[in-house]
>>> print(open('model-v1.pdb').read())   # PDB, C-alpha atoms
MODEL        1
ATOM      1  CA  MET A 116     -20.007 106.014 -48.448
ATOM      2  CA  PRO A 117     -23.294 104.456 -47.180
ATOM      3  CA  ARG A 118     -25.192 106.705 -44.744
ATOM      4  CA  VAL A 119     -26.547 104.841 -41.712
ATOM      5  CA  LEU A 120     -28.995 105.778 -38.946
ATOM      6  CA  ILE A 121     -28.456 103.804 -35.719
ATOM      7  CA  VAL A 122     -31.462 103.295 -33.423
ATOM      8  CA  ASP A 123     -31.023 101.725 -29.997
ATOM      9  CA  ASP A 124     -32.091 102.795 -26.523
ATOM     10  CA  ALA A 125     -28.722 101.664 -25.141
ATOM     11  CA  LEU A 126     -26.030 104.294 -25.544
ATOM     12  CA  PHE A 127     -23.301 101.651 -25.190
ATOM     13  CA  MET A 128     -24.729  99.520 -28.012
ATOM     14  CA  ARG A 129     -25.039 102.587 -30.256
ATOM     15  CA  LYS A 130     -21.360 103.318 -29.612
ATOM     16  CA  VAL A 131     -20.272  99.707 -30.256
ATOM     17  CA  LEU A 132     -22.266  99.515 -33.488
ATOM     18  CA  SER A 133     -21.116 102.952 -34.598
ATOM     19  CA  ASP A 134     -17.461 101.925 -34.128
ATOM     20  CA  ILE A 135     -18.011  98.746 -36.172
ATOM     21  CA  LEU A 136     -19.771 100.552 -39.021
ATOM     22  CA  LYS A 137     -17.137 103.282 -39.202
ATOM     23  CA  ARG A 138     -14.459 100.582 -39.498
ATOM     24  CA  GLU A 139     -16.506  99.165 -42.379
ATOM     25  CA  GLY A 140     -16.362 102.516 -44.161
ATOM     26  CA  MET A 141     -19.910 103.653 -43.410
ATOM     27  CA  GLU A 142     -21.008 107.108 -42.323
ATOM     28  CA  ILE A 143     -23.177 107.428 -39.215
ATOM     29  CA  VAL A 144     -25.557 110.234 -40.139
ATOM     30  CA  GLY A 145     -27.567 110.055 -36.934
ATOM     31  CA  GLU A 146     -28.522 108.151 -33.817
ATOM     32  CA  ALA A 147     -31.900 107.756 -32.128
ATOM     33  CA  GLU A 148     -32.770 106.261 -28.749
ATOM     34  CA  ASN A 149     -36.443 105.448 -29.293
ATOM     35  CA  GLY A 150     -38.903 104.608 -32.025
ATOM     36  CA  GLN A 151     -40.431 108.066 -32.362
ATOM     37  CA  ALA A 152     -37.018 109.706 -32.692
ATOM     38  CA  ALA A 153     -36.115 107.045 -35.274
ATOM     39  CA  ILE A 154     -39.103 107.957 -37.447
ATOM     40  CA  ASP A 155     -38.368 111.677 -37.155
ATOM     41  CA  LYS A 156     -34.686 111.229 -38.017
ATOM     42  CA  PHE A 157     -35.471 108.854 -40.869
ATOM     43  CA  LYS A 158     -37.692 111.510 -42.475
ATOM     44  CA  GLU A 159     -35.135 114.241 -41.832
ATOM     45  CA  LEU A 160     -31.920 112.433 -42.791
ATOM     46  CA  LYS A 161     -33.117 109.952 -45.439
ATOM     47  CA  PRO A 162     -30.374 107.431 -44.619
ATOM     48  CA  ASP A 163     -29.377 104.602 -46.969
ATOM     49  CA  LEU A 164     -29.864 102.111 -44.144
ATOM     50  CA  VAL A 165     -31.338 101.978 -40.621
ATOM     51  CA  THR A 166     -30.265  99.622 -37.842
ATOM     52  CA  LEU A 167     -33.286  99.358 -35.540
ATOM     53  CA  ASP A 168     -33.365  97.794 -32.076
ATOM     54  CA  VAL A 169     -36.369  95.511 -31.659
ATOM     55  CA  VAL A 170     -37.026  96.232 -27.978
ATOM     56  CA  MET A 171     -37.166  99.869 -26.888
ATOM     57  CA  PRO A 172     -39.331 101.809 -24.450
ATOM     58  CA  LYS A 173     -42.660 103.161 -25.667
ATOM     59  CA  VAL A 174     -42.592 106.847 -26.551
ATOM     60  CA  GLY A 175     -45.877 108.449 -27.578
ATOM     61  CA  GLU A 176     -47.757 106.084 -29.862
ATOM     62  CA  ILE A 177     -44.596 104.246 -30.928
ATOM     63  CA  ASP A 178     -44.033 101.094 -28.897
ATOM     64  CA  GLY A 179     -40.616  99.627 -29.660
ATOM     65  CA  GLY A 180     -38.793  98.812 -32.870
ATOM     66  CA  ILE A 181     -41.522  96.993 -34.775
ATOM     67  CA  SER A 182     -43.937  99.855 -34.371
ATOM     68  CA  ALA A 183     -41.239 102.263 -35.612
ATOM     69  CA  LEU A 184     -40.422  99.913 -38.496
ATOM     70  CA  LYS A 185     -44.030  99.938 -39.689
ATOM     71  CA  GLU A 186     -44.096 103.747 -39.696
ATOM     72  CA  ILE A 187     -40.785 103.923 -41.548
ATOM     73  CA  MET A 188     -42.039 101.459 -44.170
ATOM     74  CA  LYS A 189     -45.190 103.586 -44.611
ATOM     75  CA  THR A 190     -42.975 106.625 -45.202
ATOM     76  CA  ASP A 191     -40.738 104.775 -47.658
ATOM     77  CA  PRO A 192     -41.711 101.251 -48.771
ATOM     78  CA  ASN A 193     -38.181 100.798 -50.139
ATOM     79  CA  ALA A 194     -36.478 101.663 -46.847
ATOM     80  CA  LYS A 195     -33.597  99.377 -45.938
ATOM     81  CA  VAL A 196     -33.995  98.446 -42.288
ATOM     82  CA  VAL A 197     -31.910  95.864 -40.414
ATOM     83  CA  MET A 198     -33.317  94.823 -37.042
ATOM     84  CA  VAL A 199     -31.102  94.507 -33.964
ATOM     85  CA  SER A 200     -32.146  91.819 -31.524
ATOM     86  CA  ALA A 201     -30.834  90.044 -28.453
ATOM     87  CA  MET A 202     -30.949  86.391 -27.494
ATOM     88  CA  GLY A 203     -34.481  85.104 -27.093
ATOM     89  CA  GLN A 204     -36.218  87.590 -29.375
ATOM     90  CA  HIS A 205     -36.750  85.243 -32.301
ATOM     91  CA  ALA A 206     -40.517  85.775 -32.502
ATOM     92  CA  LEU A 207     -40.076  89.549 -32.661
ATOM     93  CA  VAL A 208     -37.488  89.221 -35.423
ATOM     94  CA  VAL A 209     -39.857  87.092 -37.498
ATOM     95  CA  GLU A 210     -42.599  89.697 -37.019
ATOM     96  CA  ALA A 211     -40.181  92.437 -38.102
ATOM     97  CA  ILE A 212     -39.112  90.593 -41.239
ATOM     98  CA  GLN A 213     -42.796  90.128 -42.125
ATOM     99  CA  ALA A 214     -43.279  93.874 -41.605
ATOM    100  CA  GLY A 215     -40.557  94.729 -44.107
ATOM    101  CA  ALA A 216     -37.184  94.526 -42.349
ATOM    102  CA  LYS A 217     -34.510  93.244 -44.720
ATOM    103  CA  ASP A 218     -32.378  91.301 -42.223
ATOM    104  CA  PHE A 219     -31.346  91.195 -38.558
ATOM    105  CA  ILE A 220     -28.196  91.230 -36.452
ATOM    106  CA  VAL A 221     -27.861  89.910 -32.914
ATOM    107  CA  LYS A 222     -26.346  91.524 -29.834
ATOM    108  CA  PRO A 223     -23.584  91.277 -28.816
ATOM    109  CA  PHE A 224     -22.310  92.183 -32.257
ATOM    110  CA  GLN A 225     -19.837  90.164 -34.292
ATOM    111  CA  GLN A 226     -18.131  92.503 -36.723
ATOM    112  CA  ALA A 227     -18.070  89.953 -39.549
ATOM    113  CA  ARG A 228     -21.777  89.147 -39.243
ATOM    114  CA  VAL A 229     -22.751  92.828 -38.988
ATOM    115  CA  SER A 230     -20.638  93.732 -42.000
ATOM    116  CA  GLN A 231     -21.979  90.862 -44.091
ATOM    117  CA  ALA A 232     -25.623  91.599 -43.273
ATOM    118  CA  LEU A 233     -25.460  95.330 -43.852
ATOM    119  CA  LYS A 234     -23.468  95.124 -47.076
ATOM    120  CA  LYS A 235     -25.881  92.526 -48.430
ATOM    121  CA  VAL A 236     -28.849  94.757 -47.651
ATOM    122  CA  LEU A 237     -27.157  97.840 -49.104
ATOM    123  CA  SER A 238     -26.375  95.973 -52.312
ATOM    124  CA  GLY A 239     -30.026  94.952 -52.620
ATOM    125  CA  GLU A 240     -29.276  91.222 -52.312
ATOM    126  CA  ALA A 241     -31.328  90.733 -49.161
ATOM    127  CA  ALA A 242     -35.083  90.152 -49.317
TER     128      ALA A 242
ATOM    129  CA  MET B 239     -40.203  63.048 -16.865
ATOM    130  CA  ASP B 240     -40.997  60.129 -14.574
ATOM    131  CA  GLU B 241     -37.957  60.292 -12.349
ATOM    132  CA  LYS B 242     -38.073  63.136  -9.813
ATOM    133  CA  HIS B 243     -34.976  65.314  -9.490
ATOM    134  CA  ASN B 244     -33.503  67.502  -6.801
ATOM    135  CA  PRO B 245     -34.503  71.136  -7.448
ATOM    136  CA  LEU B 246     -31.019  72.478  -6.748
ATOM    137  CA  ASP B 247     -29.409  70.043  -9.185
ATOM    138  CA  ILE B 248     -31.736  71.245 -11.939
ATOM    139  CA  ILE B 249     -31.204  74.917 -11.099
ATOM    140  CA  ARG B 250     -27.437  74.364 -11.102
ATOM    141  CA  GLU B 251     -27.744  72.746 -14.530
ATOM    142  CA  ILE B 252     -29.751  75.703 -15.843
ATOM    143  CA  GLY B 253     -27.172  78.044 -14.325
ATOM    144  CA  THR B 254     -24.292  76.180 -15.930
ATOM    145  CA  ILE B 255     -25.902  76.155 -19.378
ATOM    146  CA  GLY B 256     -26.791  79.833 -19.066
ATOM    147  CA  ALA B 257     -23.297  80.713 -17.835
ATOM    148  CA  GLY B 258     -21.721  79.025 -20.845
ATOM    149  CA  ARG B 259     -23.887  80.983 -23.241
ATOM    150  CA  ALA B 260     -23.373  84.235 -21.386
ATOM    151  CA  ALA B 261     -19.608  83.694 -21.490
ATOM    152  CA  THR B 262     -19.697  83.234 -25.262
ATOM    153  CA  ALA B 263     -21.802  86.363 -25.738
ATOM    154  CA  LEU B 264     -19.737  88.507 -23.356
ATOM    155  CA  SER B 265     -16.569  87.271 -24.992
ATOM    156  CA  GLU B 266     -17.831  88.702 -28.283
ATOM    157  CA  MET B 267     -18.658  91.965 -26.562
ATOM    158  CA  VAL B 268     -15.218  92.470 -25.000
ATOM    159  CA  SER B 269     -13.211  90.632 -27.696
ATOM    160  CA  ALA B 270     -11.459  88.508 -25.088
ATOM    161  CA  PRO B 271     -11.948  85.104 -23.473
ATOM    162  CA  VAL B 272     -14.582  85.105 -20.740
ATOM    163  CA  GLU B 273     -15.173  82.367 -18.209
ATOM    164  CA  ILE B 274     -18.332  82.258 -16.111
ATOM    165  CA  THR B 275     -18.943  79.727 -13.367
ATOM    166  CA  VAL B 276     -21.765  79.133 -10.938
ATOM    167  CA  PRO B 277     -20.165  78.488  -7.550
ATOM    168  CA  GLU B 278     -23.358  78.600  -5.481
ATOM    169  CA  VAL B 279     -27.022  77.894  -6.099
ATOM    170  CA  LYS B 280     -29.776  77.946  -3.501
ATOM    171  CA  MET B 281     -33.445  78.462  -2.905
ATOM    172  CA  ILE B 282     -34.406  80.750  -0.065
ATOM    173  CA  GLU B 283     -37.722  81.766   1.432
ATOM    174  CA  THR B 284     -38.427  85.311   0.352
ATOM    175  CA  ALA B 285     -39.025  86.466   3.922
ATOM    176  CA  LYS B 286     -35.670  85.079   5.103
ATOM    177  CA  PHE B 287     -33.910  86.637   2.164
ATOM    178  CA  ALA B 288     -35.552  89.986   2.881
ATOM    179  CA  GLU B 289     -34.310  89.789   6.478
ATOM    180  CA  SER B 290     -30.745  89.102   5.359
ATOM    181  CA  VAL B 291     -30.851  92.015   2.925
ATOM    182  CA  THR B 292     -31.993  94.512   5.547
ATOM    183  CA  THR B 293     -28.866  93.837   7.610
ATOM    184  CA  THR B 294     -26.564  95.102   4.854
ATOM    185  CA  GLY B 295     -26.849  98.766   4.050
ATOM    186  CA  GLN B 296     -24.412  98.652   1.154
ATOM    187  CA  THR B 297     -25.288 100.373  -2.099
ATOM    188  CA  ASN B 298     -25.245  98.031  -5.097
ATOM    189  CA  LEU B 299     -25.711  98.244  -8.818
ATOM    190  CA  VAL B 300     -28.743  96.154  -9.712
ATOM    191  CA  LEU B 301     -30.278  95.240 -13.054
ATOM    192  CA  VAL B 302     -34.027  94.685 -12.758
ATOM    193  CA  ILE B 303     -36.079  92.867 -15.395
ATOM    194  CA  CYS B 304     -39.746  91.874 -15.318
ATOM    195  CA  MET B 305     -40.816  88.571 -16.832
ATOM    196  CA  GLU B 306     -44.140  88.003 -18.517
ATOM    197  CA  GLY B 307     -45.773  85.327 -20.600
ATOM    198  CA  GLN B 308     -46.047  81.781 -19.325
ATOM    199  CA  ILE B 309     -43.698  82.596 -16.438
ATOM    200  CA  ASN B 310     -44.137  85.746 -14.383
ATOM    201  CA  GLY B 311     -41.814  87.322 -11.890
ATOM    202  CA  ARG B 312     -38.853  89.605 -11.488
ATOM    203  CA  MET B 313     -35.144  89.073 -11.944
ATOM    204  CA  PHE B 314     -32.293  90.967 -10.378
ATOM    205  CA  PHE B 315     -28.581  90.848 -11.072
ATOM    206  CA  ILE B 316     -26.569  92.422  -8.290
ATOM    207  CA  LEU B 317     -23.022  93.766  -8.503
ATOM    208  CA  SER B 318     -21.073  95.333  -5.666
ATOM    209  CA  PRO B 319     -19.673  98.805  -6.404
ATOM    210  CA  ASP B 320     -16.120  97.427  -6.630
ATOM    211  CA  ASP B 321     -17.097  94.693  -9.074
ATOM    212  CA  ALA B 322     -19.234  97.100 -11.095
ATOM    213  CA  ARG B 323     -16.235  99.417 -11.374
ATOM    214  CA  LEU B 324     -14.016  96.549 -12.541
ATOM    215  CA  LEU B 325     -16.545  95.327 -15.096
ATOM    216  CA  GLY B 326     -17.122  98.859 -16.356
ATOM    217  CA  SER B 327     -13.405  99.381 -16.843
ATOM    218  CA  VAL B 328     -13.181  96.200 -18.932
ATOM    219  CA  LEU B 329     -16.235  97.064 -21.030
ATOM    220  CA  LEU B 330     -15.173 100.637 -21.699
ATOM    221  CA  GLY B 331     -11.455  99.939 -21.974
ATOM    222  CA  VAL B 332     -10.520 102.476 -19.295
ATOM    223  CA  GLU B 333      -8.761 102.360 -15.916
ATOM    224  CA  THR B 334     -10.969 101.656 -12.906
ATOM    225  CA  THR B 335     -10.156 105.108 -11.571
ATOM    226  CA  ALA B 336     -11.752 106.619 -14.687
ATOM    227  CA  VAL B 337     -15.068 104.831 -14.124
ATOM    228  CA  ASN B 338     -17.845 107.174 -13.056
ATOM    229  CA  PHE B 339     -21.112 105.622 -11.876
ATOM    230  CA  GLU B 340     -23.050 108.696 -13.021
ATOM    231  CA  ASP B 341     -21.720 108.401 -16.576
ATOM    232  CA  SER B 342     -24.480 107.289 -18.955
ATOM    233  CA  LEU B 343     -22.077 105.279 -21.137
ATOM    234  CA  PHE B 344     -20.883 103.342 -18.065
ATOM    235  CA  GLN B 345     -24.467 102.648 -16.974
ATOM    236  CA  SER B 346     -25.439 101.584 -20.478
ATOM    237  CA  SER B 347     -22.462  99.217 -20.796
ATOM    238  CA  ILE B 348     -23.173  97.547 -17.439
ATOM    239  CA  LYS B 349     -26.853  97.247 -18.313
ATOM    240  CA  GLU B 350     -26.095  95.507 -21.604
ATOM    241  CA  ALA B 351     -23.556  93.121 -20.067
ATOM    242  CA  LEU B 352     -25.853  92.114 -17.202
ATOM    243  CA  ASN B 353     -28.784  91.843 -19.589
ATOM    244  CA  ILE B 354     -26.807  89.292 -21.583
ATOM    245  CA  ILE B 355     -26.122  87.195 -18.479
ATOM    246  CA  VAL B 356     -29.695  87.314 -17.226
ATOM    247  CA  GLY B 357     -31.028  86.626 -20.724
ATOM    248  CA  ALA B 358     -28.776  83.588 -21.039
ATOM    249  CA  TYR B 359     -30.040  82.126 -17.752
ATOM    250  CA  MET B 360     -33.630  82.693 -18.785
ATOM    251  CA  MET B 361     -33.095  81.217 -22.254
ATOM    252  CA  ALA B 362     -31.752  78.086 -20.573
ATOM    253  CA  LEU B 363     -34.802  77.985 -18.297
ATOM    254  CA  SER B 364     -37.127  78.526 -21.256
ATOM    255  CA  GLU B 365     -35.566  75.708 -23.251
ATOM    256  CA  MET B 366     -35.568  73.259 -20.339
ATOM    257  CA  THR B 367     -39.181  73.960 -19.377
ATOM    258  CA  GLY B 368     -40.604  74.610 -22.837
ATOM    259  CA  PHE B 369     -42.222  77.812 -21.561
ATOM    260  CA  GLU B 370     -42.136  81.010 -23.563
ATOM    261  CA  ILE B 371     -40.587  83.748 -21.438
ATOM    262  CA  MET B 372     -40.971  87.391 -22.398
ATOM    263  CA  PHE B 373     -38.724  90.043 -20.903
ATOM    264  CA  GLY B 374     -39.684  93.595 -20.070
ATOM    265  CA  ILE B 375     -37.299  96.467 -20.651
ATOM    266  CA  PRO B 376     -34.444  96.245 -18.124
ATOM    267  CA  PHE B 377     -33.464  99.100 -15.896
ATOM    268  CA  LEU B 378     -30.433  99.735 -13.750
ATOM    269  CA  ALA B 379     -30.739 100.850 -10.133
ATOM    270  CA  LEU B 380     -28.003 102.125  -7.858
ATOM    271  CA  ASP B 381     -29.242 101.887  -4.306
ATOM    272  CA  VAL B 382     -29.302  99.762  -1.181
ATOM    273  CA  LEU B 383     -30.943  96.409  -1.893
ATOM    274  CA  THR B 384     -33.769  96.934   0.581
ATOM    275  CA  ALA B 385     -34.915 100.063  -1.236
ATOM    276  CA  ILE B 386     -34.804  98.362  -4.626
ATOM    277  CA  PHE B 387     -36.679  95.288  -3.490
ATOM    278  CA  ILE B 388     -39.349  97.331  -1.726
ATOM    279  CA  ALA B 389     -39.758  99.534  -4.799
ATOM    280  CA  GLU B 390     -40.215  96.382  -6.872
ATOM    281  CA  GLN B 391     -42.700  94.943  -4.359
ATOM    282  CA  MET B 392     -40.481  91.893  -4.075
ATOM    283  CA  PRO B 393     -42.074  90.279  -1.012
ATOM    284  CA  MET B 394     -45.630  90.621  -2.282
ATOM    285  CA  SER B 395     -45.708  88.042  -5.049
ATOM    286  CA  SER B 396     -43.022  85.436  -4.377
ATOM    287  CA  HIS B 397     -42.738  82.830  -1.659
ATOM    288  CA  GLU B 398     -39.300  81.579  -2.644
ATOM    289  CA  ILE B 399     -36.418  82.946  -4.608
ATOM    290  CA  ILE B 400     -33.804  81.251  -6.755
ATOM    291  CA  TYR B 401     -30.301  82.492  -6.017
ATOM    292  CA  ILE B 402     -27.385  81.887  -8.394
ATOM    293  CA  LYS B 403     -23.974  83.243  -7.495
ATOM    294  CA  THR B 404     -22.041  83.975 -10.660
ATOM    295  CA  ASN B 405     -18.276  84.318 -10.992
ATOM    296  CA  MET B 406     -16.832  85.968 -14.105
ATOM    297  CA  GLN B 407     -13.226  86.046 -15.264
ATOM    298  CA  ILE B 408     -12.502  88.565 -17.988
ATOM    299  CA  LYS B 409      -9.052  89.796 -18.998
ATOM    300  CA  ASN B 410      -7.444  88.408 -15.809
ATOM    301  CA  ARG B 411      -9.990  90.154 -13.645
ATOM    302  CA  ASN B 412     -12.398  88.396 -11.363
ATOM    303  CA  PHE B 413     -15.931  89.565 -10.536
ATOM    304  CA  ASP B 414     -18.754  88.120  -8.489
ATOM    305  CA  GLY B 415     -22.382  88.842  -9.186
ATOM    306  CA  VAL B 416     -25.601  87.444  -7.804
ATOM    307  CA  PHE B 417     -28.587  86.524  -9.940
ATOM    308  CA  ILE B 418     -31.871  86.433  -8.072
ATOM    309  CA  PHE B 419     -35.092  85.241  -9.586
ATOM    310  CA  PHE B 420     -38.435  85.917  -7.912
ATOM    311  CA  PRO B 421     -41.046  83.875  -9.768
ATOM    312  CA  ASP B 422     -44.594  84.375  -8.580
ATOM    313  CA  MET B 423     -46.127  81.386  -6.827
ATOM    314  CA  PRO B 424     -48.027  79.891  -9.790
ATOM    315  CA  SER B 425     -44.901  80.244 -11.913
ATOM    316  CA  ILE B 426     -42.558  78.438  -9.517
ATOM    317  CA  ASN B 427     -44.997  75.521  -9.343
ATOM    318  CA  LYS B 428     -45.220  75.425 -13.148
ATOM    319  CA  ILE B 429     -41.437  75.556 -13.509
ATOM    320  CA  PHE B 430     -40.748  72.656 -11.170
ATOM    321  CA  SER B 431     -43.587  70.612 -12.565
ATOM    322  CA  ALA B 432     -42.220  71.071 -16.099
ATOM    323  CA  LEU B 433     -38.731  70.146 -14.916
ATOM    324  CA  GLY B 434     -39.977  66.992 -13.208
ATOM    325  CA  VAL B 435     -38.792  68.221  -9.851
ATOM    326  CA  GLU B 436     -40.089  67.064  -6.482
ATOM    327  CA  HIS B 437     -40.662  70.413  -4.829
ATOM    328  CA  HIS B 438     -42.344  71.068  -1.496
ATOM    329  CA  GLN B 439     -42.766  74.668  -0.520
ATOM    330  CA  SER B 440     -41.258  75.374   2.860
TER     331      SER B 440
ENDMDL
END
>>> encode(input="model-v1.pdb", output="structure tokens")
Amino acid sequence: MPRVLIVDDALFMRKVLSDILKREGMEIVGEAENGQAAIDKFKELKPDLVTLDVVMPKVGEIDGGISALKEIMKTDPNAKVVMVSAMGQHALVVEAIQAGAKDFIVKPFQQARVSQALKKVLSGEAA
Amino acid sequence: MDEKHNPLDIIREIGTIGAGRAATALSEMVSAPVEITVPEVKMIETAKFAESVTTTGQTNLVLVICMEGQINGRMFFILSPDDARLLGSVLLGVETTAVNFEDSLFQSSIKEALNIIVGAYMMALSEMTGFEIMFGIPFLALDVLTAIFIAEQMPMSSHEIIYIKTNMQIKNRNFDGVFIFFPDMPSINKIFSALGVEHHQS
């Protein structure tokens, strides 16, 4: 069962995504509400995959999802990270993909799209 | 654009496009059909709006978002407590009596839903003007409007506001919300110029 870390500052979106991933047979090993907590939990839990919200409040030196992504990729260059974005965040998604994210999903979530993207990344098919 | 348009017609068009997109996105969120209409659009002098707000002491749930980039200003989406309770019950799948305004899951769900609506309006504005609009991190306030607007220094930077009343129908329930956009003065001039609108500040 794939082990997933969910990172989003919105509790409701963490719950919605968690419900979808559980239905898809994935295990939620942890949740984080900011970039710094995401880095800490990534090191601690070593998940198979991270879903990482692009826009989150700055905590310490970590300003949002892209900053957290870069730190995670430094820790593990093979990390599988899928960015979570909302409408109108195209430029940030492009920046994240260039920084090592494997794919992205858009809020509000469509179960089919989420499932397809995450399974593709887990199987190693995505870039 | 050579032909000059009426500002309210253009704002209504932006509202209608944004409402359609917001309805699609919210429909995915609640897994049910959602209809959003824009029954009223107006532009109001900030000072007059501030006066009207001070006469109502009602507490409201308000999403506040800052805008940066080529357009600067602040956006608010206002829900009455009754409508917030109804929307929360739909989003969380619970009875209205079970909705607790202090509950962090309720607040988070309302914030995400309103963020989708506001984002859809602003995407429509961005596409029609060609301006890149960057959003700050939204926050939810539960207070009387006067207190929220003063805290956000609403009267300081804007001369006019754009007001879009928004009606939502979700799962046979009907909600009204109000979207208010306070662009700063250079931004409102840029917006109307880009839209080819004849606009004289009152």
>>> interface_residues(input="model-v1.pdb", of="chain A", to="chain B", cutoff="6 Å", atoms="only C-alpha atoms", output="list in words")
Ala125, Leu126, Phe127 and Pro223 of chain A
>>> resolve_selection(input="model-v1.pdb", expression="the PyMOL selection byres ((chain A and resi 204) around 10)", output="mmCIF file with C-alpha atoms, in the coordinates of the input")
data_model
loop_
_atom_site.group_PDB
_atom_site.id
_atom_site.type_symbol
_atom_site.label_atom_id
_atom_site.label_comp_id
_atom_site.auth_asym_id
_atom_site.auth_seq_id
_atom_site.Cartn_x
_atom_site.Cartn_y
_atom_site.Cartn_z
ATOM 1 C CA VAL A 169 -36.369 95.511 -31.659
ATOM 2 C CA VAL A 170 -37.026 96.232 -27.978
ATOM 3 C CA VAL A 199 -31.102 94.507 -33.964
ATOM 4 C CA SER A 200 -32.146 91.819 -31.524
ATOM 5 C CA ALA A 201 -30.834 90.044 -28.453
ATOM 6 C CA MET A 202 -30.949 86.391 -27.494
ATOM 7 C CA GLY A 203 -34.481 85.104 -27.093
ATOM 8 C CA HIS A 205 -36.750 85.243 -32.301
ATOM 9 C CA ALA A 206 -40.517 85.775 -32.502
ATOM 10 C CA LEU A 207 -40.076 89.549 -32.661
ATOM 11 C CA VAL A 208 -37.488 89.221 -35.423
ATOM 12 C CA VAL A 209 -39.857 87.092 -37.498
ATOM 13 C CA VAL A 221 -27.861 89.910 -32.914
ATOM 14 C CA ILE B 371 -40.587 83.748 -21.438
ATOM 15 C CA MET B 372 -40.971 87.391 -22.398
ATOM 16 C CA PHE B 373 -38.724 90.043 -20.903
#
>>> resolve_selection(input="model-v1.pdb", expression="the PyMOL selection byres ((chain B and resi 422) around 7)", output="PDB file with C-alpha atoms, in the coordinates of the input")
ATOM      1  CA  ASN B 310     -44.137  85.746 -14.383  1.00  0.00           C
ATOM      2  CA  GLY B 311     -41.814  87.322 -11.890  1.00  0.00           C
ATOM      3  CA  SER B 395     -45.708  88.042  -5.049  1.00  0.00           C
ATOM      4  CA  SER B 396     -43.022  85.436  -4.377  1.00  0.00           C
ATOM      5  CA  PHE B 420     -38.435  85.917  -7.912  1.00  0.00           C
ATOM      6  CA  PRO B 421     -41.046  83.875  -9.768  1.00  0.00           C
ATOM      7  CA  MET B 423     -46.127  81.386  -6.827  1.00  0.00           C
ATOM      8  CA  PRO B 424     -48.027  79.891  -9.790  1.00  0.00           C
ATOM      9  CA  SER B 425     -44.901  80.244 -11.913  1.00  0.00           C
ATOM     10  CA  ILE B 426     -42.558  78.438  -9.517  1.00  0.00           C
TER      11      ILE B 426
END
>>> atom_distance(input="model-v1.pdb", atom1="atom CA of B:Asn412", atom2="atom CA of B:Arg250")
20.6 Å
>>> closest_residue(input="model-v1.pdb", among="A:Gln225, A:Thr190, A:Thr166, A:Ser182", to="A:Val144", atoms="all atoms listed in the file")
A:Thr166
>>> atom_distance(input="model-v1.pdb", atom1="atom CA of A:Pro172", atom2="atom CA of B:Ile303")
13.1 Å
>>> residues_around(input="model-v1.pdb", residues="A:Ile181", least_positions_apart="2", cutoff="7 Å", atoms="all atoms listed in the file", output="PyMOL selection string")
chain A and resi 169+179+183-185+211
>>> write_last_selection(input="model-v1.pdb", atoms="C-alpha atoms", output="PDB file, keeping the file's coordinate frame")
ATOM      1  CA  VAL A 169     -36.369  95.511 -31.659  1.00  0.00           C
ATOM      2  CA  GLY A 179     -40.616  99.627 -29.660  1.00  0.00           C
ATOM      3  CA  ALA A 183     -41.239 102.263 -35.612  1.00  0.00           C
ATOM      4  CA  LEU A 184     -40.422  99.913 -38.496  1.00  0.00           C
ATOM      5  CA  LYS A 185     -44.030  99.938 -39.689  1.00  0.00           C
ATOM      6  CA  ALA A 211     -40.181  92.437 -38.102  1.00  0.00           C
TER       7      ALA A 211
END
>>> resolve_selection(input="model-v1.pdb", expression="the PyMOL selection byres ((chain A and resi 121) around 10)", output="count of residues only")
27
>>> axis_aligned_box(input="model-v1.pdb", around="stretch 190-196 of chain A", padding_each_side="3 Å", output="JSON")
{"center_x": -38.3, "center_y": 102.5, "center_z": -46.2, "size_x": 15.4, "size_y": 14.2, "size_z": 13.9}
>>> closest_residue(input="model-v1.pdb", among="A:Gly239, A:Gly150, A:Gly175, A:Gly180", to="A:Lys195", atoms="only C-alpha atoms")
A:Gly239
>>> residues_around(input="model-v1.pdb", residues="B:Asp381", least_positions_apart="4", cutoff="7 Å", atoms="all atoms listed in the file", output="PyMOL selection string")
chain B and resi 297-299+385-386
>>> atom_distance(input="model-v1.pdb", atom1="atom CA of A:Glu210", atom2="atom CA of A:Lys235")
20.4 Å
